[in-house]
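Asker: The structure's right below; bear with me while I get my questions together.
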Amino acid sequence: MKISEHGDSGSRGEAGESDGMARLRAAVRDHWENLSASERAVAQYLVGAPVEHLLYAGAQELGAASGTSNATVVRALQRLGYAGLPALKRELASGFTAAVAPEVRLKQRIAHVGRDLDGIWTEVLDEARERIEQTRRLTEPDVLRAAVTALADAGEVHAFGVAASEPAARHLALALGRIGRRARFVGATGFALADDLLALRRGDAVVVFQPGRALHELTVLVERARAVGARVVLVTDELGEQFGDRVDAVLTAPHTPTGITSEALTALVVADVLLLALTTLAEPGAVDASHQLTLLREQLLS
């Protein structure tokens with residue numbers, strides 16, 4: 001299959017095209033014969049649409065634009081080798097965000113959603129749902145089990161997160177304390193991180209929330225944990241392959257390809273999964289801690 005024969009954008013697959021779009025075109029060519037008629041309609045639309053439109057469009061919108069349905073869009077993407085629409089968006093966004101200034105992307109985002117409140121409601125909830133569904137698909141039961149095991153017997157849990165990852169790390173540390181687990185939030189960077197690294201002990205565990213950028217602090221933190229005998233769980237989108245052989249478990253939390261939903265959304269969901277799992281494993285202690293917390297709150301309010 002040649003893109004120029006089955007779409008209106010044969011001239012785009014040339015120099016200057018992003019890696020994400022180039023991969024999409026290659027996938028369509030490679031899988032064309034295996035696509036149904038409706039899936040081909042989706043593929044044709046995808047390779048002919050502007051990248052900025054694909055980034056902000058939901059599956060339902062793409063289905064309507066291609067004369068198919070949102071279910072067909074999802075099936076077509078899976079046949080093309082993508083886990084789903086968020087996976088395609090992340091690949092397209094990597095080149096797009098590097099080439100387009102943030103203020104320009106913001107204007108495009110505003111132009112796409114317009115001032116229609118119903119449309120804005122739908123856009124945000126659709127992307128949130130897509131990211132959470134992607135999180136579910138990318139989390140293998142054995143990996144989740146390994147993560148929970150790493151945390152279950154930890155003397156203390158150190159939850160590390162900076163910038164957009166800070167809310168998830170703070171949430172995990174606070175909620176663990178409320179079920180009777182020793183936990184602390186770690187958000188220092190640079191020279192200041194040394195004090196937190198010094199506090200790591202054998203038998204502790206570290207949960208690192210870091211979606212995509214391989215911070216130098218992350219490397220030092222993982223190496224320190226390994227040196228003292230602490231276990232590490234990494235919650236990330238893009239760093240699993242780079243750090244997978246140095247940590248006990250990698251949980252995938254897809255970040256936003258558009259900026260429409262909060263960067264911390266899926267990381268918070270993953271944190272809640274870990275919290276509920278740990279609560280069920282130590283139910284008596286968790287119940288007692290919750291009771292004590294209630295008593296203390298009542299005393300403070302009296």
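In the structure tokens, chains take letters A, B, ... by order of appearance, with residues numbered from 1 within each chain and ligands from 1 in the order shown.
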Residues near region 83-89 of chain A, anyone? I mean within 9 Å using only C-alpha atoms, not counting same-chain ones fewer than 2 positions away, as an MDAnalysis selection string.
Answerer: chainID A and resid 20 24 51 54:56 58:59 73:75 77:78 81 91:94 127 130:131 133:134 137:138 254:258
Asker: Just C-alpha atoms for this one: save the residues we selected as a short mmCIF file (atom, residue, chain, number, x, y, z; two decimals), in the first residue's frame.
Answerer:
```cif
data_model
loop_
_atom_site.label_atom_id
_atom_site.label_comp_id
_atom_site.auth_asym_id
_atom_site.auth_seq_id
_atom_site.Cartn_x
_atom_site.Cartn_y
_atom_site.Cartn_z
CA GLY A 20 5.93 9.47 15.18
CA LEU A 24 2.42 5.63 11.62
CA VAL A 51 -0.62 16.12 13.72
CA LEU A 54 -4.75 13.94 15.96
CA LEU A 55 -3.26 15.06 19.27
CA TYR A 56 -6.45 16.72 20.45
CA GLY A 58 -10.77 11.66 20.82
CA ALA A 59 -11.64 8.24 19.43
CA VAL A 73 -10.59 3.52 15.56
CA VAL A 74 -9.38 1.54 18.56
CA ARG A 75 -9.33 -1.73 16.59
CA LEU A 77 -4.81 1.31 15.99
CA GLN A 78 -4.32 -2.05 17.66
CA GLY A 81 0.67 -2.02 16.52
CA GLU A 91 4.52 9.15 19.76
CA LEU A 92 3.20 12.04 17.71
CA ALA A 93 3.57 14.47 20.61
CA SER A 94 7.26 13.73 21.18
CA GLU A 127 -8.69 11.94 27.44
CA GLU A 130 -8.27 6.96 27.47
CA ARG A 131 -5.25 7.43 29.73
CA GLU A 133 -7.74 2.58 30.14
CA GLN A 134 -4.21 2.65 28.75
CA ARG A 137 -3.84 -2.38 29.60
CA LEU A 138 -0.16 -1.70 30.24
CA PRO A 254 0.89 7.21 30.58
CA HIS A 255 1.32 10.97 30.61
CA THR A 256 -0.84 13.42 28.70
CA PRO A 257 0.01 13.94 25.04
CA THR A 258 -2.00 17.16 24.86
#
```
Asker: Would you mind listing, for every residue of region 234-299 of chain A within 10 Å of region 218-222 of chain A, the two atoms forming the shortest contact and the distance between them in Å to one decimal, using only C-alpha atoms, sorted by chain and ascending residue number, as JSON lines?
Answerer:
```
{"residue": "A:Leu234", "atom": "CA", "partner": "A:Val222", "partner_atom": "CA", "distance": 9.6}
{"residue": "A:Phe243", "atom": "CA", "partner": "A:Thr219", "partner_atom": "CA", "distance": 8.6}
{"residue": "A:Arg246", "atom": "CA", "partner": "A:Val222", "partner_atom": "CA", "distance": 7.3}
{"residue": "A:Val247", "atom": "CA", "partner": "A:Val222", "partner_atom": "CA", "distance": 7.4}
```
Asker: Go ahead and write the selection's residues with N, CA and C atoms as a PDB file, in the first residue's frame.
Answerer:
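File produced: selection_30.pdb:
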```pdb
ATOM      1  N   LEU A 234       9.296   1.876  40.258  1.00  0.00           N
ATOM      2  CA  LEU A 234       9.305   3.039  39.364  1.00  0.00           C
ATOM      3  C   LEU A 234       7.958   3.166  38.678  1.00  0.00           C
ATOM      4  N   PHE A 243      15.491   1.864  33.029  1.00  0.00           N
ATOM      5  CA  PHE A 243      15.751   1.550  34.437  1.00  0.00           C
ATOM      6  C   PHE A 243      15.207   0.187  34.855  1.00  0.00           C
ATOM      7  N   ARG A 246      17.226  -2.220  36.914  1.00  0.00           N
ATOM      8  CA  ARG A 246      17.808  -1.690  38.147  1.00  0.00           C
ATOM      9  C   ARG A 246      16.786  -1.497  39.255  1.00  0.00           C
ATOM     10  N   VAL A 247      15.516  -1.783  38.966  1.00  0.00           N
ATOM     11  CA  VAL A 247      14.460  -1.613  39.960  1.00  0.00           C
ATOM     12  C   VAL A 247      13.696  -2.919  40.117  1.00  0.00           C
TER      13      VAL A 247
END
```
Asker: Using DSSP on the backbone, list every residue of region 10-174 of chain A that comes out as strand (DSSP E or B), and give them as a VMD selection string.
Answerer: chain A and resid 157 to 161
Asker: Given only C-alpha atoms as the basis, pick out the residue of A:Thr294, A:Thr266, A:Ser38, A:Thr139 nearest to Phe209 (chain A).
Answerer: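 Nearest to Phe209 (chain A): A:Thr266.
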Asker: Identify, on the basis of only C-alpha atoms, every residue whose closest approach to region 194-202 of chain A does not exceed 12 Å; exclude the query and any residue fewer than 3 positions from it along the same chain; express the result as a PyMOL selection string.
Answerer: chain A and resi 153-160+183-191+205-206+217-232
Asker: Using N, CA, C and O atoms, can you export the residues from the last selection as a short mmCIF file (atom, residue, chain, number, x, y, z; two decimals), in the first residue's frame?
Answerer:
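The new file out_10.cif reads:
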```
data_model
loop_
_atom_site.label_atom_id
_atom_site.label_comp_id
_atom_site.auth_asym_id
_atom_site.auth_seq_id
_atom_site.Cartn_x
_atom_site.Cartn_y
_atom_site.Cartn_z
N ASP A 153 6.61 -5.22 53.02
CA ASP A 153 7.39 -5.42 54.24
C ASP A 153 8.43 -4.32 54.47
O ASP A 153 9.33 -4.48 55.29
N ALA A 154 8.29 -3.21 53.77
CA ALA A 154 9.27 -2.13 53.89
C ALA A 154 9.21 -1.49 55.28
O ALA A 154 8.13 -1.24 55.81
N GLY A 155 10.39 -1.22 55.82
CA GLY A 155 10.42 -0.51 57.10
C GLY A 155 9.87 0.90 56.95
O GLY A 155 9.13 1.39 57.81
N GLU A 156 10.23 1.55 55.86
CA GLU A 156 9.72 2.88 55.56
C GLU A 156 9.66 3.03 54.04
O GLU A 156 10.53 2.53 53.33
N VAL A 157 8.62 3.70 53.57
CA VAL A 157 8.46 3.95 52.14
C VAL A 157 8.82 5.40 51.85
O VAL A 157 8.28 6.32 52.48
N HIS A 158 9.73 5.60 50.91
CA HIS A 158 10.15 6.94 50.49
C HIS A 158 9.51 7.20 49.13
O HIS A 158 9.83 6.52 48.15
N ALA A 159 8.61 8.18 49.07
CA ALA A 159 7.90 8.49 47.82
C ALA A 159 8.54 9.71 47.18
O ALA A 159 8.45 10.82 47.71
N PHE A 160 9.19 9.50 46.03
CA PHE A 160 9.93 10.57 45.37
C PHE A 160 9.16 11.08 44.16
O PHE A 160 8.71 10.31 43.30
N ALA A 183 6.15 6.40 56.26
CA ALA A 183 6.36 6.88 54.89
C ALA A 183 6.76 8.34 54.93
O ALA A 183 6.38 9.08 55.84
N ARG A 184 7.53 8.73 53.94
CA ARG A 184 7.93 10.14 53.83
C ARG A 184 7.93 10.55 52.37
O ARG A 184 8.18 9.74 51.47
N PHE A 185 7.64 11.82 52.15
CA PHE A 185 7.71 12.40 50.82
C PHE A 185 9.11 12.93 50.58
O PHE A 185 9.70 13.56 51.45
N VAL A 186 9.64 12.66 49.40
CA VAL A 186 10.95 13.16 49.01
C VAL A 186 10.79 13.97 47.73
O VAL A 186 10.38 13.42 46.69
N GLY A 187 11.10 15.24 47.79
CA GLY A 187 10.94 16.09 46.62
C GLY A 187 12.12 16.99 46.36
O GLY A 187 12.04 17.90 45.52
N ALA A 188 13.21 16.75 47.05
CA ALA A 188 14.40 17.58 46.87
C ALA A 188 15.13 17.20 45.59
O ALA A 188 15.05 16.06 45.12
N THR A 189 15.85 18.15 45.03
CA THR A 189 16.69 17.90 43.87
C THR A 189 18.07 18.49 44.14
O THR A 189 18.27 19.25 45.09
N GLY A 190 19.03 18.10 43.30
CA GLY A 190 20.36 18.65 43.44
C GLY A 190 21.00 18.30 44.77
O GLY A 190 20.77 17.23 45.34
N PHE A 191 21.79 19.24 45.28
CA PHE A 191 22.58 19.04 46.50
C PHE A 191 21.69 18.67 47.68
O PHE A 191 22.08 17.86 48.54
N ALA A 205 11.82 0.93 51.16
CA ALA A 205 11.42 0.88 49.75
C ALA A 205 11.24 2.30 49.25
O ALA A 205 10.86 3.21 50.00
N VAL A 206 11.52 2.49 47.97
CA VAL A 206 11.37 3.79 47.32
C VAL A 206 10.37 3.65 46.18
O VAL A 206 10.47 2.71 45.37
N GLU A 217 19.17 12.92 39.33
CA GLU A 217 18.78 12.54 40.69
C GLU A 217 18.18 11.14 40.71
O GLU A 217 18.38 10.39 41.69
N LEU A 218 17.48 10.78 39.66
CA LEU A 218 16.86 9.46 39.61
C LEU A 218 17.93 8.36 39.59
O LEU A 218 17.83 7.35 40.30
N THR A 219 18.95 8.56 38.79
CA THR A 219 20.04 7.58 38.73
C THR A 219 20.74 7.44 40.08
O THR A 219 20.99 6.32 40.56
N VAL A 220 21.04 8.56 40.72
CA VAL A 220 21.71 8.54 42.02
C VAL A 220 20.82 7.88 43.07
O VAL A 220 21.29 7.08 43.91
N LEU A 221 19.52 8.19 43.04
CA LEU A 221 18.58 7.62 43.99
C LEU A 221 18.50 6.10 43.85
O LEU A 221 18.54 5.36 44.85
N VAL A 222 18.38 5.62 42.64
CA VAL A 222 18.30 4.17 42.40
C VAL A 222 19.59 3.49 42.83
O VAL A 222 19.57 2.42 43.47
N GLU A 223 20.71 4.09 42.50
CA GLU A 223 22.00 3.49 42.89
C GLU A 223 22.17 3.45 44.41
O GLU A 223 22.68 2.48 44.97
N ARG A 224 21.74 4.51 45.09
CA ARG A 224 21.82 4.54 46.55
C ARG A 224 20.92 3.47 47.17
O ARG A 224 21.32 2.77 48.11
N ALA A 225 19.72 3.31 46.63
CA ALA A 225 18.80 2.29 47.14
C ALA A 225 19.41 0.90 46.99
O ALA A 225 19.36 0.07 47.92
N ARG A 226 19.99 0.63 45.84
CA ARG A 226 20.61 -0.67 45.61
C ARG A 226 21.79 -0.89 46.54
O ARG A 226 22.02 -2.00 47.04
N ALA A 227 22.54 0.15 46.80
CA ALA A 227 23.73 0.04 47.64
C ALA A 227 23.38 -0.30 49.09
O ALA A 227 24.10 -1.06 49.75
N VAL A 228 22.27 0.27 49.60
CA VAL A 228 21.92 0.04 51.01
C VAL A 228 20.96 -1.13 51.19
O VAL A 228 20.67 -1.53 52.32
N GLY A 229 20.45 -1.67 50.10
CA GLY A 229 19.52 -2.79 50.22
C GLY A 229 18.07 -2.38 50.31
O GLY A 229 17.24 -3.11 50.89
N ALA A 230 17.71 -1.24 49.74
CA ALA A 230 16.31 -0.81 49.68
C ALA A 230 15.74 -1.21 48.32
O ALA A 230 16.45 -1.27 47.32
N ARG A 231 14.46 -1.47 48.27
CA ARG A 231 13.80 -1.88 47.02
C ARG A 231 13.21 -0.65 46.34
O ARG A 231 12.93 0.37 46.99
N VAL A 232 13.02 -0.75 45.02
CA VAL A 232 12.58 0.41 44.24
C VAL A 232 11.44 0.02 43.31
O VAL A 232 11.53 -0.98 42.58
#
```
Asker: Considering only C-alpha atoms, can you say which of A:Ala277, A:Ala271, A:Ala65, A:Ala27 comes closest to Leu174 (chain A)?
Answerer: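 So, comparing all the options, the nearest one is A:Ala271.
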Asker: Would you work out the distance separating CA of Val162 (chain A) from CA of Arg90 (chain A), expressed in Å to one decimal?
Answerer: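 We find that CA of Val162 (chain A) and CA of Arg90 (chain A) lie 21.0 Å from each other.
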Asker: Rank A:Leu80, A:Val233, A:Met21, A:Ala173 by their smallest atom-to-atom distance to Thr252 (chain A), using only C-alpha atoms, and report the top residue only.
Answerer: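 Ranked by minimum distance to Thr252 (chain A), first place goes to A:Val233.
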Asker: Considering only C-alpha atoms, can you say which of A:Pro284, A:Gly240, A:Gly63, A:Gly180 comes closest to Pro211 (chain A)?
Answerer: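 The shortest atom-to-atom distance to Pro211 (chain A) comes from A:Gly240.
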Asker: So that I can check the secondary structure, give me every residue of region 70-240 of chain A assigned helix (DSSP H, G or I) by backbone DSSP, as number ranges by chain.
Answerer: A: 70-79, 85-99, 102-113, 117-138, 141-152, 163-178, 190-198, 216-228, 240
Asker: Have a look at A:Asp248, A:Glu123, A:Asp288, A:Glu52 and name the one nearest to Val143 (chain A); count only C-alpha atoms.
Answerer: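 For Val143 (chain A), the nearest of the candidates is A:Asp248.
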Asker: Using only C-alpha atoms, which of A:Glu39, A:Glu238, A:Glu140, A:Glu263 sits nearest Arg79 (chain A)?
Answerer: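 Nearest to Arg79 (chain A): A:Glu39.
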Asker: In Å to one decimal, how far is CA of Thr135 (chain A) from CA of Thr280 (chain A)?
Answerer: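 Separation of CA of Thr280 (chain A) and CA of Thr135 (chain A): 21.6 Å.
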